$ cat upload29.cif   # mmCIF, C-alpha atoms
data_data
loop_
_atom_site.label_atom_id
_atom_site.label_comp_id
_atom_site.auth_asym_id
_atom_site.auth_seq_id
_atom_site.Cartn_x
_atom_site.Cartn_y
_atom_site.Cartn_z
CA MET A 803 -56.01 -18.21 37.03
CA SER A 804 -57.83 -17.26 33.84
CA GLN A 805 -61.46 -18.24 33.33
CA PRO A 806 -62.45 -20.77 30.63
CA MET A 807 -63.45 -19.17 27.35
CA GLN A 808 -67.16 -18.81 26.64
CA PRO A 809 -68.61 -19.91 23.28
CA GLU A 810 -68.90 -17.13 20.70
CA SER A 811 -70.76 -19.13 18.05
CA ALA A 812 -71.33 -22.71 16.98
CA ALA A 813 -70.41 -25.09 14.18
CA THR A 814 -72.90 -27.57 12.79
CA LEU A 815 -71.87 -31.20 12.31
CA ASN A 816 -74.10 -33.37 10.14
CA LEU A 817 -74.01 -37.11 10.86
CA GLY A 818 -76.46 -38.68 8.45
CA GLU A 819 -79.87 -37.38 9.45
CA GLN A 820 -78.56 -36.11 12.79
CA SER A 821 -77.36 -32.53 13.20
CA VAL A 822 -75.26 -31.38 16.18
CA GLU A 823 -74.30 -27.87 17.27
CA LEU A 824 -70.71 -27.64 18.54
CA PRO A 825 -69.60 -24.51 20.45
CA ILE A 826 -66.77 -22.45 18.93
CA LEU A 827 -64.29 -20.97 21.43
CA VAL A 828 -61.84 -18.17 20.66
CA GLY A 829 -58.71 -17.68 22.76
CA THR A 830 -57.07 -14.40 23.76
CA GLU A 831 -54.78 -14.57 20.69
CA ASN A 832 -57.74 -15.32 18.39
CA GLU A 833 -57.03 -19.02 18.22
CA THR A 834 -60.24 -20.86 17.33
CA ALA A 835 -61.33 -24.25 18.67
CA ILE A 836 -64.44 -26.38 18.16
CA ASP A 837 -65.56 -27.81 21.50
CA ILE A 838 -66.34 -31.51 21.01
CA SER A 839 -66.37 -32.45 24.70
CA LYS A 840 -70.07 -33.44 24.55
CA LEU A 841 -69.98 -35.00 21.07
CA ARG A 842 -69.90 -38.63 22.21
CA GLY A 843 -72.61 -38.09 24.77
CA GLN A 844 -74.90 -36.55 22.16
CA THR A 845 -74.11 -38.81 19.21
CA GLY A 846 -72.09 -41.84 20.34
CA VAL A 847 -69.33 -40.71 17.94
CA ILE A 848 -65.75 -39.73 18.84
CA THR A 849 -63.11 -37.86 16.84
CA LEU A 850 -59.85 -39.52 15.80
CA ASP A 851 -56.61 -37.53 15.89
CA GLU A 852 -53.62 -39.85 16.33
CA GLY A 853 -50.85 -38.14 18.25
CA TYR A 854 -53.21 -35.29 19.26
CA ARG A 855 -51.61 -33.06 16.58
CA ASN A 856 -54.88 -31.24 15.92
CA THR A 857 -56.47 -31.61 19.34
CA GLY A 858 -56.62 -28.98 22.06
CA SER A 859 -56.66 -31.04 25.26
CA VAL A 860 -56.78 -28.11 27.69
CA GLN A 861 -57.51 -24.42 28.10
CA SER A 862 -54.27 -23.01 29.51
CA ALA A 863 -53.11 -19.51 30.44
CA ILE A 864 -49.38 -20.30 30.66
CA THR A 865 -47.64 -20.30 27.27
CA PHE A 866 -48.61 -19.08 23.79
CA ILE A 867 -47.01 -20.28 20.55
CA ASN A 868 -47.68 -19.09 17.03
CA GLY A 869 -45.73 -21.55 14.93
CA GLU A 870 -46.39 -19.84 11.63
CA GLU A 871 -44.87 -16.54 12.78
CA GLY A 872 -42.23 -17.94 15.14
CA ILE A 873 -43.75 -16.44 18.32
CA LEU A 874 -43.22 -17.77 21.85
CA ARG A 875 -44.55 -15.98 24.94
CA TYR A 876 -44.60 -16.92 28.62
CA ARG A 877 -47.73 -15.49 30.27
CA GLY A 878 -47.92 -12.97 27.41
CA ILE A 879 -44.28 -11.79 27.60
CA PRO A 880 -42.17 -12.44 24.46
CA ILE A 881 -39.34 -14.91 24.96
CA GLU A 882 -36.91 -12.39 23.45
CA GLN A 883 -37.60 -9.92 26.30
CA LEU A 884 -37.21 -12.58 28.98
CA ALA A 885 -33.97 -13.83 27.41
CA GLU A 886 -32.56 -10.30 27.42
CA LYS A 887 -33.80 -8.99 30.76
CA SER A 888 -34.91 -11.79 33.08
CA THR A 889 -33.29 -14.50 35.19
CA PHE A 890 -34.25 -18.16 35.36
CA ILE A 891 -35.82 -17.91 38.82
CA GLU A 892 -37.77 -14.77 37.94
CA THR A 893 -39.03 -16.53 34.79
CA ALA A 894 -39.93 -19.61 36.84
CA LEU A 895 -42.12 -17.54 39.16
CA LEU A 896 -43.74 -15.84 36.17
CA LEU A 897 -44.71 -19.22 34.73
CA ILE A 898 -45.92 -20.67 38.02
CA TYR A 899 -47.88 -17.69 39.35
CA GLY A 900 -48.76 -15.75 36.20
CA GLU A 901 -47.02 -12.46 37.01
CA LEU A 902 -43.44 -11.22 37.33
CA PRO A 903 -42.53 -11.33 41.02
CA THR A 904 -41.98 -8.25 43.15
CA GLY A 905 -38.61 -7.77 44.79
CA SER A 906 -39.84 -9.22 48.09
CA GLN A 907 -41.50 -12.21 46.40
CA LEU A 908 -38.31 -12.95 44.49
CA GLU A 909 -36.18 -12.69 47.61
CA ARG A 910 -38.54 -14.97 49.56
CA PHE A 911 -38.38 -17.65 46.88
CA ARG A 912 -34.60 -17.39 46.68
CA GLN A 913 -34.45 -17.97 50.43
CA LEU A 914 -36.61 -21.06 50.00
CA LEU A 915 -34.30 -22.32 47.26
CA ALA A 916 -31.31 -21.88 49.58
CA GLU A 917 -33.19 -23.58 52.43
CA HIS A 918 -34.00 -26.63 50.31
CA GLU A 919 -30.87 -26.96 48.16
CA MET A 920 -29.41 -29.85 50.16
CA ILE A 921 -30.81 -33.36 49.99
CA HIS A 922 -31.19 -35.79 52.87
CA GLU A 923 -28.02 -37.71 53.71
CA GLY A 924 -29.98 -40.92 53.08
CA MET A 925 -30.52 -39.78 49.52
CA ARG A 926 -26.83 -38.95 49.13
CA ASN A 927 -26.06 -42.53 50.05
CA SER A 928 -28.58 -43.75 47.46
CA PHE A 929 -26.31 -42.57 44.66
CA ILE A 930 -23.84 -45.28 45.62
CA GLY A 931 -26.39 -47.87 44.51
CA PHE A 932 -26.42 -46.70 40.91
CA PRO A 933 -23.85 -48.16 38.47
CA PRO A 934 -21.21 -45.67 37.29
CA ASN A 935 -22.49 -45.93 33.70
CA GLY A 936 -26.13 -45.48 34.68
CA HIS A 937 -27.87 -42.87 32.54
CA PRO A 938 -28.35 -39.58 34.42
CA MET A 939 -32.01 -39.37 33.27
CA ALA A 940 -32.79 -42.71 34.91
CA ILE A 941 -31.14 -41.49 38.10
CA LEU A 942 -32.94 -38.14 37.92
CA SER A 943 -36.38 -39.70 37.53
CA SER A 944 -35.75 -42.19 40.33
CA MET A 945 -34.42 -39.59 42.72
CA ILE A 946 -37.25 -37.12 42.11
CA ASN A 947 -39.65 -39.86 43.13
CA THR A 948 -37.42 -40.65 46.10
CA LEU A 949 -37.65 -37.00 47.17
CA SER A 950 -41.31 -37.57 47.98
CA CYS A 951 -40.27 -40.09 50.65
CA TYR A 952 -38.25 -37.40 52.40
CA ASN A 953 -40.76 -34.58 51.89
CA GLU A 954 -44.04 -36.03 53.12
CA ASP A 955 -45.06 -32.67 54.58
CA VAL A 956 -45.73 -31.28 51.10
CA MET A 957 -47.50 -34.28 49.60
CA GLU A 958 -50.91 -32.70 50.17
CA MET A 959 -51.21 -29.20 48.69
CA GLU A 960 -53.64 -27.85 51.27
CA ASP A 961 -52.66 -24.20 50.95
CA ALA A 962 -50.57 -21.77 48.89
CA GLU A 963 -47.65 -21.82 51.33
CA ARG A 964 -47.33 -25.60 51.16
CA PHE A 965 -47.40 -25.51 47.36
CA GLU A 966 -44.74 -22.80 47.30
CA ASN A 967 -42.51 -24.95 49.50
CA ALA A 968 -43.01 -27.97 47.25
CA ALA A 969 -42.23 -25.95 44.12
CA ALA A 970 -39.11 -24.46 45.69
CA ARG A 971 -37.91 -27.87 46.81
CA LEU A 972 -38.26 -29.37 43.36
CA ILE A 973 -36.60 -26.49 41.52
CA SER A 974 -33.79 -26.32 44.08
CA LYS A 975 -33.15 -30.02 44.55
CA ILE A 976 -33.29 -31.02 40.88
CA ARG A 977 -30.01 -29.19 40.24
CA THR A 978 -28.42 -30.95 43.25
CA VAL A 979 -29.65 -34.37 42.13
CA ALA A 980 -28.55 -33.71 38.54
CA ALA A 981 -25.06 -32.65 39.61
CA TYR A 982 -24.74 -35.66 41.92
CA ALA A 983 -25.72 -37.99 39.07
CA TYR A 984 -22.85 -36.53 37.07
CA LYS A 985 -20.40 -36.76 39.97
CA THR A 986 -21.37 -40.40 40.52
CA SER A 987 -20.68 -41.22 36.87
CA ARG A 988 -17.21 -39.66 37.22
CA GLY A 989 -16.42 -41.37 40.52
CA GLN A 990 -15.97 -37.97 42.19
CA PRO A 991 -17.07 -36.98 45.71
CA LEU A 992 -20.38 -35.13 46.03
CA MET A 993 -20.07 -31.44 46.82
CA TYR A 994 -22.32 -29.54 49.21
CA PRO A 995 -24.21 -26.51 47.80
CA GLU A 996 -23.18 -22.95 48.58
CA SER A 997 -26.19 -21.08 49.96
CA GLU A 998 -24.95 -17.62 49.04
CA ALA A 999 -24.48 -18.43 45.35
CA SER A 1000 -27.15 -17.81 42.73
CA TYR A 1001 -29.07 -20.70 41.21
CA CYS A 1002 -26.83 -21.15 38.16
CA ARG A 1003 -23.57 -20.43 40.00
CA ASN A 1004 -24.49 -23.04 42.58
CA PHE A 1005 -25.21 -25.63 39.92
CA LEU A 1006 -21.86 -25.04 38.20
CA HIS A 1007 -20.14 -25.35 41.60
CA LEU A 1008 -21.94 -28.64 42.32
CA MET A 1009 -21.01 -29.96 38.88
CA PHE A 1010 -17.39 -28.93 38.55
CA SER A 1011 -15.86 -28.14 41.95
CA THR A 1012 -13.94 -30.79 43.86
CA PRO A 1013 -12.69 -30.84 47.47
CA THR A 1014 -9.24 -29.84 46.18
CA ARG A 1015 -10.21 -27.40 43.40
CA ARG A 1016 -12.91 -24.77 43.37
CA TYR A 1017 -14.58 -24.11 40.02
CA GLU A 1018 -13.81 -20.62 38.75
CA ILE A 1019 -17.09 -18.88 37.86
CA ASP A 1020 -17.23 -16.93 34.59
CA GLU A 1021 -20.13 -14.47 34.50
CA ASP A 1022 -20.75 -15.01 30.78
CA VAL A 1023 -20.98 -18.76 31.35
CA VAL A 1024 -23.44 -18.17 34.21
CA ARG A 1025 -25.54 -15.93 31.99
CA ALA A 1026 -25.43 -18.47 29.16
CA LEU A 1027 -26.66 -21.21 31.49
CA SER A 1028 -29.47 -18.98 32.80
CA LEU A 1029 -30.45 -18.19 29.22
CA PHE A 1030 -30.51 -21.87 28.28
CA LEU A 1031 -32.81 -22.64 31.23
CA ILE A 1032 -35.13 -19.71 30.43
CA LEU A 1033 -35.54 -20.83 26.82
CA HIS A 1034 -36.43 -24.36 27.92
CA ALA A 1035 -38.69 -23.40 30.83
CA ASP A 1036 -41.98 -24.14 29.04
CA HIS A 1037 -43.27 -24.87 25.57
CA GLU A 1038 -47.03 -25.36 25.72
CA GLN A 1039 -48.50 -28.89 25.51
CA ASN A 1040 -45.44 -30.87 24.44
CA CYS A 1041 -45.01 -34.57 25.22
CA SER A 1042 -43.49 -34.23 28.70
CA THR A 1043 -45.76 -31.38 29.82
CA SER A 1044 -48.83 -33.26 28.65
CA THR A 1045 -47.52 -36.27 30.59
CA VAL A 1046 -47.21 -34.19 33.77
CA ARG A 1047 -50.78 -32.94 33.32
CA MET A 1048 -52.05 -36.45 32.57
CA VAL A 1049 -50.45 -37.92 35.69
CA GLY A 1050 -51.43 -34.91 37.80
CA SER A 1051 -55.07 -35.22 36.75
CA SER A 1052 -55.21 -38.55 38.59
CA GLY A 1053 -54.46 -36.70 41.84
CA ALA A 1054 -50.81 -37.82 41.85
CA ASN A 1055 -48.53 -35.55 43.85
CA LEU A 1056 -46.22 -32.96 42.27
CA PHE A 1057 -43.08 -35.09 42.68
CA ALA A 1058 -44.57 -38.18 41.03
CA SER A 1059 -46.01 -36.11 38.17
CA CYS A 1060 -42.70 -34.37 37.44
CA SER A 1061 -40.83 -37.67 37.66
CA ALA A 1062 -43.12 -38.93 34.89
CA GLY A 1063 -42.28 -35.78 32.92
CA VAL A 1064 -38.58 -36.66 33.14
CA CYS A 1065 -39.27 -40.11 31.66
CA ALA A 1066 -41.25 -38.59 28.77
CA LEU A 1067 -38.52 -36.01 28.14
CA TRP A 1068 -35.88 -38.74 27.96
CA GLY A 1069 -37.04 -39.89 24.52
CA PRO A 1070 -34.78 -39.09 21.54
CA LEU A 1071 -37.71 -37.47 19.73
CA HIS A 1072 -38.19 -35.01 22.61
CA GLY A 1073 -35.51 -33.94 25.07
CA GLY A 1074 -32.85 -36.19 23.58
CA ALA A 1075 -32.95 -34.46 20.20
CA ASN A 1076 -30.01 -32.13 20.93
CA VAL A 1077 -27.83 -35.18 21.60
CA ALA A 1078 -28.64 -36.46 18.10
CA VAL A 1079 -27.66 -33.07 16.66
CA MET A 1080 -24.28 -33.10 18.39
CA GLN A 1081 -23.60 -36.69 17.37
CA GLN A 1082 -24.32 -35.81 13.74
CA LEU A 1083 -22.11 -32.71 13.83
CA ALA A 1084 -19.33 -34.78 15.40
CA ARG A 1085 -19.74 -37.45 12.70
CA ILE A 1086 -19.43 -34.81 9.98
CA HIS A 1087 -16.31 -33.36 11.63
CA GLU A 1088 -14.57 -36.67 12.28
CA SER A 1089 -15.30 -38.16 8.87
CA GLU A 1090 -14.58 -34.90 7.02
CA MET A 1091 -17.85 -35.43 5.21
CA LYS A 1092 -18.73 -32.70 2.74
CA ILE A 1093 -21.77 -30.75 3.87
CA ASP A 1094 -23.09 -30.59 0.30
CA ASP A 1095 -23.04 -34.41 0.22
CA LEU A 1096 -25.07 -34.60 3.43
CA ILE A 1097 -27.62 -32.10 2.11
CA GLU A 1098 -28.00 -34.16 -1.06
CA ALA A 1099 -28.38 -37.39 0.94
CA VAL A 1100 -31.11 -35.74 3.03
CA LYS A 1101 -32.97 -34.68 -0.12
CA GLN A 1102 -32.81 -38.25 -1.42
CA LYS A 1103 -34.03 -39.51 1.99
CA LYS A 1104 -30.82 -41.49 2.49
CA ASP A 1105 -29.92 -39.50 5.60
CA LYS A 1106 -31.60 -37.21 8.13
CA LEU A 1107 -30.63 -33.70 9.16
CA PHE A 1108 -31.18 -33.41 12.90
CA GLY A 1109 -32.14 -30.09 14.47
CA PHE A 1110 -34.21 -28.86 11.53
CA GLY A 1111 -37.99 -28.65 11.48
CA HIS A 1112 -40.44 -28.60 14.38
CA GLY A 1113 -43.87 -30.03 15.07
CA VAL A 1114 -45.21 -26.55 15.85
CA TYR A 1115 -42.92 -23.96 14.25
CA LYS A 1116 -43.26 -23.44 10.51
CA SER A 1117 -40.62 -20.71 10.55
CA TYR A 1118 -37.37 -20.12 12.44
CA ASP A 1119 -37.67 -21.27 16.08
CA PRO A 1120 -37.15 -18.02 18.07
CA ARG A 1121 -35.19 -19.92 20.72
CA ALA A 1122 -32.69 -21.16 18.13
CA GLN A 1123 -31.81 -17.62 17.06
CA ILE A 1124 -31.08 -16.59 20.65
CA LEU A 1125 -28.99 -19.71 21.34
CA ARG A 1126 -27.00 -19.26 18.14
CA GLN A 1127 -25.92 -15.77 19.21
CA GLN A 1128 -25.16 -16.85 22.78
CA ALA A 1129 -23.04 -19.85 21.74
CA THR A 1130 -20.87 -17.60 19.58
CA LYS A 1131 -20.58 -15.03 22.39
CA VAL A 1132 -19.50 -17.58 25.01
CA LEU A 1133 -16.91 -19.20 22.76
CA ASP A 1134 -15.49 -15.79 21.85
CA LYS A 1135 -15.32 -14.80 25.53
CA LEU A 1136 -13.56 -18.04 26.46
CA GLY A 1137 -11.14 -17.57 23.58
CA ARG A 1138 -12.09 -20.89 22.00
CA SER A 1139 -13.38 -21.99 18.65
CA ASP A 1140 -15.60 -25.00 18.10
CA PRO A 1141 -15.51 -26.81 14.76
CA LEU A 1142 -18.99 -28.14 15.45
CA LEU A 1143 -20.35 -24.58 15.63
CA ASP A 1144 -18.66 -23.81 12.32
CA ILE A 1145 -20.27 -26.89 10.75
CA ALA A 1146 -23.66 -26.00 12.21
CA GLN A 1147 -23.51 -22.49 10.78
CA GLN A 1148 -22.51 -23.83 7.38
CA LEU A 1149 -25.38 -26.32 7.45
CA GLU A 1150 -27.82 -23.57 8.38
CA GLU A 1151 -26.58 -21.25 5.64
CA ILE A 1152 -26.88 -23.91 2.94
CA ALA A 1153 -30.23 -25.25 4.13
CA LEU A 1154 -31.86 -21.84 4.46
CA GLY A 1155 -30.88 -21.02 0.90
CA ASP A 1156 -32.27 -24.26 -0.51
CA ASP A 1157 -35.87 -24.49 -1.77
CA TYR A 1158 -36.09 -28.10 -0.56
CA PHE A 1159 -35.83 -27.02 3.07
CA ILE A 1160 -37.68 -23.71 2.71
CA SER A 1161 -40.70 -25.31 0.99
CA ARG A 1162 -40.93 -27.88 3.79
CA ASN A 1163 -40.55 -25.32 6.60
CA LEU A 1164 -37.33 -27.00 7.75
CA TYR A 1165 -35.72 -24.26 9.80
CA PRO A 1166 -33.29 -24.71 12.73
CA ASN A 1167 -35.04 -25.56 15.99
CA VAL A 1168 -33.93 -25.10 19.60
CA ASP A 1169 -31.99 -28.39 19.59
CA PHE A 1170 -29.74 -27.30 16.75
CA TYR A 1171 -27.75 -24.82 18.83
CA SER A 1172 -28.55 -25.79 22.45
CA GLY A 1173 -26.03 -28.62 22.45
CA ILE A 1174 -23.27 -26.37 21.16
CA LEU A 1175 -23.97 -23.87 23.95
CA LEU A 1176 -23.91 -26.64 26.59
CA ARG A 1177 -20.67 -27.96 25.11
CA ALA A 1178 -19.16 -24.47 25.38
CA ILE A 1179 -20.19 -24.31 29.05
CA GLY A 1180 -18.52 -27.69 29.65
CA ILE A 1181 -21.60 -29.88 30.12
CA PRO A 1182 -20.94 -33.48 28.96
CA LEU A 1183 -23.14 -35.03 26.27
CA ASN A 1184 -24.96 -37.50 28.54
CA MET A 1185 -26.14 -34.58 30.70
CA TYR A 1186 -27.79 -32.60 27.89
CA THR A 1187 -31.28 -34.02 28.44
CA VAL A 1188 -30.87 -33.58 32.18
CA MET A 1189 -30.17 -29.88 31.58
CA PHE A 1190 -33.38 -29.72 29.56
CA ALA A 1191 -35.25 -31.23 32.53
CA ILE A 1192 -33.82 -28.66 34.95
CA GLY A 1193 -34.99 -25.88 32.66
CA ARG A 1194 -38.43 -27.40 32.04
CA MET A 1195 -39.22 -27.97 35.73
CA PRO A 1196 -40.97 -24.56 36.24
CA GLY A 1197 -43.21 -25.26 33.25
CA TRP A 1198 -44.12 -28.69 34.57
CA ILE A 1199 -44.92 -27.22 37.99
CA ALA A 1200 -47.03 -24.44 36.43
CA ASN A 1201 -49.02 -26.95 34.39
CA TRP A 1202 -49.47 -29.29 37.36
CA LYS A 1203 -50.74 -26.33 39.38
CA GLU A 1204 -53.18 -25.36 36.63
CA VAL A 1205 -54.64 -28.89 36.63
CA HIS A 1206 -54.75 -28.97 40.45
CA ASP A 1207 -56.36 -25.55 40.83
CA SER A 1208 -59.03 -26.26 38.21
CA HIS A 1209 -60.09 -29.50 39.95
CA SER A 1210 -59.90 -31.12 36.54
CA ARG A 1211 -61.48 -34.48 35.86
CA ILE A 1212 -59.00 -37.29 35.30
CA TYR A 1213 -57.69 -37.26 31.73
CA ARG A 1214 -59.07 -40.23 29.82
CA PRO A 1215 -58.65 -40.27 26.01
CA ARG A 1216 -60.84 -42.51 23.88
CA GLN A 1217 -59.73 -44.87 21.12
CA LEU A 1218 -60.94 -46.42 17.87
CA TYR A 1219 -60.75 -50.18 18.42
CA THR A 1220 -59.30 -52.13 15.44
CA GLY A 1221 -58.81 -55.56 17.04
CA PRO A 1222 -60.77 -58.80 16.42
CA PRO A 1223 -64.57 -58.77 16.80
CA GLN A 1224 -66.14 -60.89 19.56
CA ARG A 1225 -65.00 -64.51 19.48
CA ASP A 1226 -65.09 -67.52 21.77
CA TYR A 1227 -62.39 -68.93 24.00
CA VAL A 1228 -60.69 -72.02 22.56
CA ALA A 1229 -59.58 -74.75 24.95
CA LEU A 1230 -55.84 -75.48 25.12
CA GLN A 1231 -56.25 -78.99 23.64
CA GLN A 1232 -57.97 -77.57 20.54
CA ARG A 1233 -55.46 -74.87 19.68
#

$ encode --input "upload29.cif" --output "structure tokens"
Amino acid sequence: MSQPMQPESAATLNLGEQSVELPILVGTENETAIDISKLRGQTGVITLDEGYRNTGSVQSAITFINGEEGILRYRGIPIEQLAEKSTFIETALLLIYGELPTGSQLERFRQLLAEHEMIHEGMRNSFIGFPPNGHPMAILSSMINTLSCYNEDVMEMEDAERFENAAARLISKIRTVAAYAYKTSRGQPLMYPESEASYCRNFLHLMFSTPTRRYEIDEDVVRALSLFLILHADHEQNCSTSTVRMVGSSGANLFASCSAGVCALWGPLHGGANVAVMQQLARIHESEMKIDDLIEAVKQKKDKLFGFGHGVYKSYDPRAQILRQQATKVLDKLGRSDPLLDIAQQLEEIALGDDYFISRNLYPNVDFYSGILLRAIGIPLNMYTVMFAIGRMPGWIANWKEVHDSHSRIYRPRQLYTGPPQRDYVALQQR
């Protein structure tokens, strides 16, 4: 684990007649931060930054983003290299442990994944209790918490081996739980995993095989799924990752913390954004709406263009470029065309040539093409956010581990109170 940055200089804050020196920290990529952690203790004053958009809440060695230049790196390695050369499990170990695994380390973890891919029969029976139309994200969050009841031996992370087992169980079992949530919604029998299959092959088998028909694996589809998971594996201090760290800082176990991450990811402004993109593309296709009319409505603020713009990136999201190419490749390989992909590409071409979007840094983000890729693979719309959660699990685990290893104090933001001043209680008869 990297050591906290040491102050290189200081900034001076003048508060009336009081002057305070605040340390300036510089990260490994020359990011600069003013350390205000002792500001309230020294002055009684706090800073206000609603939504934490300009607040660095942690020092982390996991993921680096440069939004202005469209850069994303996991542990220093560019996402483009990982997308081209790595696998999801190799990338997961890079995020969790900080280095690419050796051959023996990778094989050991794969064995652990195979060992823990099944869930307890009691948990299998639990799926019967969910209604057929229950949202898979609700089921996923509930069942991850339920896993802790069946895995009490890894509740206390007393050593590295126990943590490794807990991480392997979560990464392995989340795909099983996710597939079972889908099977339950379809009224289909639950399939047992196949230990010899790779991570992504096994998930596709669990999702689409039945007792009477085995799913035929296409290597390009497997690679596309692995690529999707790699691109979603971590993304710095986003809403769900910050939630995992917040919950983990209380001393909550890994399962509870990641279950909270699932709930945060569920929101339409976070993990559910690719669903909104697909719904909009479908609306355009079904209504035969002219794309120029939509663009004009967006400019007049009468409509919204989903999948464009990002809270961090001020240029083209590097993940979107990779997904765009992969979606086209998979559809070509399968000999299919998708009118929604055609519409998406037309939207992108028009928007990127329009000063309205360029001046506002509204470029395609990861959600714009991720749904089209999942659709090409055969994943149903209500499972899109679940797929995001499967991919993000290594990042959540890595961030939980970073909090745990640093023996961090419990996270406790402050607030600026704007309610009524002190007043007296009024008896019921006088109200």

$ residues_near_point --input "upload29.cif" --point "(-38.7, -36.2, 47.5)" --cutoff "9 Å" --atoms "all atoms listed in the file" --output "PyMOL selection string"
chain A and resi 921+945-954+971-972+975+1057-1058

$ atom_distance --input "upload29.cif" --atom1 "CA of Pro1182 in chain A" --atom2 "CA of Val1064 in chain A"
18.4 Å

$ resolve_selection --input "upload29.cif" --expression "the PyMOL selection byres ((chain A and resi 1018) around 12)" --output "PyMOL selection string"
chain A and resi 1003-1004+1006-1012+1015-1017+1019-1024

$ write_last_selection --input "upload29.cif" --atoms "C-alpha atoms" --output "PDB file, in the coordinates of the input"
ATOM      1  CA  ARG A1003     -23.570 -20.430  40.000  1.00  0.00           C
ATOM      2  CA  ASN A1004     -24.490 -23.040  42.580  1.00  0.00           C
ATOM      3  CA  LEU A1006     -21.860 -25.040  38.200  1.00  0.00           C
ATOM      4  CA  HIS A1007     -20.140 -25.350  41.600  1.00  0.00           C
ATOM      5  CA  LEU A1008     -21.940 -28.640  42.320  1.00  0.00           C
ATOM      6  CA  MET A1009     -21.010 -29.960  38.880  1.00  0.00           C
ATOM      7  CA  PHE A1010     -17.390 -28.930  38.550  1.00  0.00           C
ATOM      8  CA  SER A1011     -15.860 -28.140  41.950  1.00  0.00           C
ATOM      9  CA  THR A1012     -13.940 -30.790  43.860  1.00  0.00           C
ATOM     10  CA  ARG A1015     -10.210 -27.400  43.400  1.00  0.00           C
ATOM     11  CA  ARG A1016     -12.910 -24.770  43.370  1.00  0.00           C
ATOM     12  CA  TYR A1017     -14.580 -24.110  40.020  1.00  0.00           C
ATOM     13  CA  ILE A1019     -17.090 -18.880  37.860  1.00  0.00           C
ATOM     14  CA  ASP A1020     -17.230 -16.930  34.590  1.00  0.00           C
ATOM     15  CA  GLU A1021     -20.130 -14.470  34.500  1.00  0.00           C
ATOM     16  CA  ASP A1022     -20.750 -15.010  30.780  1.00  0.00           C
ATOM     17  CA  VAL A1023     -20.980 -18.760  31.350  1.00  0.00           C
ATOM     18  CA  VAL A1024     -23.440 -18.170  34.210  1.00  0.00           C
TER      19      VAL A1024
END

$ closest_residue --input "upload29.cif" --among "A:Leu841, A:Ala1178, A:Glu901, A:Ser1210" --to "Lys1135 in chain A" --atoms "only C-alpha atoms"
A:Ala1178

$ atom_distance --input "upload29.cif" --atom1 "CA of Val1114 in chain A" --atom2 "CA of Leu874 in chain A"
10.8 Å

$ closest_residue --input "upload29.cif" --among "A:Glu823, A:Glu870, A:Asp1207, A:Asp837" --to "Gly1053 in chain A" --atoms "all atoms listed in the file"
A:Asp1207

$ closest_residue --input "upload29.cif" --among "A:Ala835, A:Ile1181, A:Ile1124, A:Leu817" --to "Ala981 in chain A" --atoms "all atoms listed in the file"
A:Ile1181

$ closest_atom_pairs --input "upload29.cif" --of "range 1045-1079 of chain A" --to "range 1167-1175 of chain A" --cutoff "8 Å" --atoms "all atoms listed in the file" --output "CSV"
residue,atom,partner,partner_atom,distance
A:Ala1075,CA,A:Asp1169,CA,6.2
A:Asn1076,CA,A:Asp1169,CA,4.4
A:Val1077,CA,A:Gly1173,CA,6.9
A:Val1079,CA,A:Phe1170,CA,6.1

$ resolve_selection --input "upload29.cif" --expression "the PyMOL selection byres ((chain A and resi 896) around 10)" --output "ChimeraX atom specification"
/A:864,876-877,879,890-895,897-903,1196-1197,1200

$ closest_residue --input "upload29.cif" --among "A:Val979, A:Ile838, A:Ile1199, A:Ile1179" --to "Asn967 in chain A" --atoms "all atoms listed in the file"
A:Ile1199

$ atom_distance --input "upload29.cif" --atom1 "CA of Leu815 in chain A" --atom2 "CA of Asn868 in chain A"
27.5 Å

$ axis_aligned_box --input "upload29.cif" --around "range 1070-1078 of chain A" --padding-each-side "8 Å" --output "AutoDock Vina command-line options"
--center_x -33.0 --center_y -35.6 --center_z 21.6 --size_x 26.4 --size_y 23.0 --size_z 23.0

$ residues_around --input "upload29.cif" --residues "Val1205 in chain A" --least-positions-apart "3" --cutoff "12 Å" --atoms "only C-alpha atoms" --output "ChimeraX atom specification"
/A:803,859-864,1043-1056,1059,1198-1202,1208-1213

$ closest_residue --input "upload29.cif" --among "A:Asp1105, A:Glu917, A:Glu1098, A:Asp1036" --to "Met1195 in chain A" --atoms "all atoms listed in the file"
A:Asp1036

$ closest_residue --input "upload29.cif" --among "A:Gln1127, A:Ser888, A:Gln913, A:Gln844" --to "Glu966 in chain A" --atoms "all atoms listed in the file"
A:Gln913

$ resolve_selection --input "upload29.cif" --expression "the PyMOL selection byres ((chain A and resi 1141-1144) around 10)" --output "PyMOL selection string"
chain A and resi 1080-1087+1126+1129-1130+1133+1138-1140+1145-1150+1170-1171+1173-1175+1177-1178

$ residues_around --input "upload29.cif" --residues "Glu871 in chain A" --least-positions-apart "2" --cutoff "12 Å" --atoms "all atoms listed in the file" --output "list in words"
Phe866, Ile867, Asn868, Gly869, Ile873, Leu874, Val1114, Tyr1115, Lys1116, Ser1117, Tyr1118, Asp1119, Pro1120 and Asn1163 of chain A

$ write_last_selection --input "upload29.cif" --atoms "C-alpha atoms" --output "compact mmCIF listing (two decimals), in the coordinates of the input"
# COMPACT_ATOMS: atom_id res chain seq x y z
CA PHE A 866 -48.61 -19.08 23.79
CA ILE A 867 -47.01 -20.28 20.55
CA ASN A 868 -47.68 -19.09 17.03
CA GLY A 869 -45.73 -21.55 14.93
CA ILE A 873 -43.75 -16.44 18.32
CA LEU A 874 -43.22 -17.77 21.85
CA VAL A 1114 -45.21 -26.55 15.85
CA TYR A 1115 -42.92 -23.96 14.25
CA LYS A 1116 -43.26 -23.44 10.51
CA SER A 1117 -40.62 -20.71 10.55
CA TYR A 1118 -37.37 -20.12 12.44
CA ASP A 1119 -37.67 -21.27 16.08
CA PRO A 1120 -37.15 -18.02 18.07
CA ASN A 1163 -40.55 -25.32 6.60
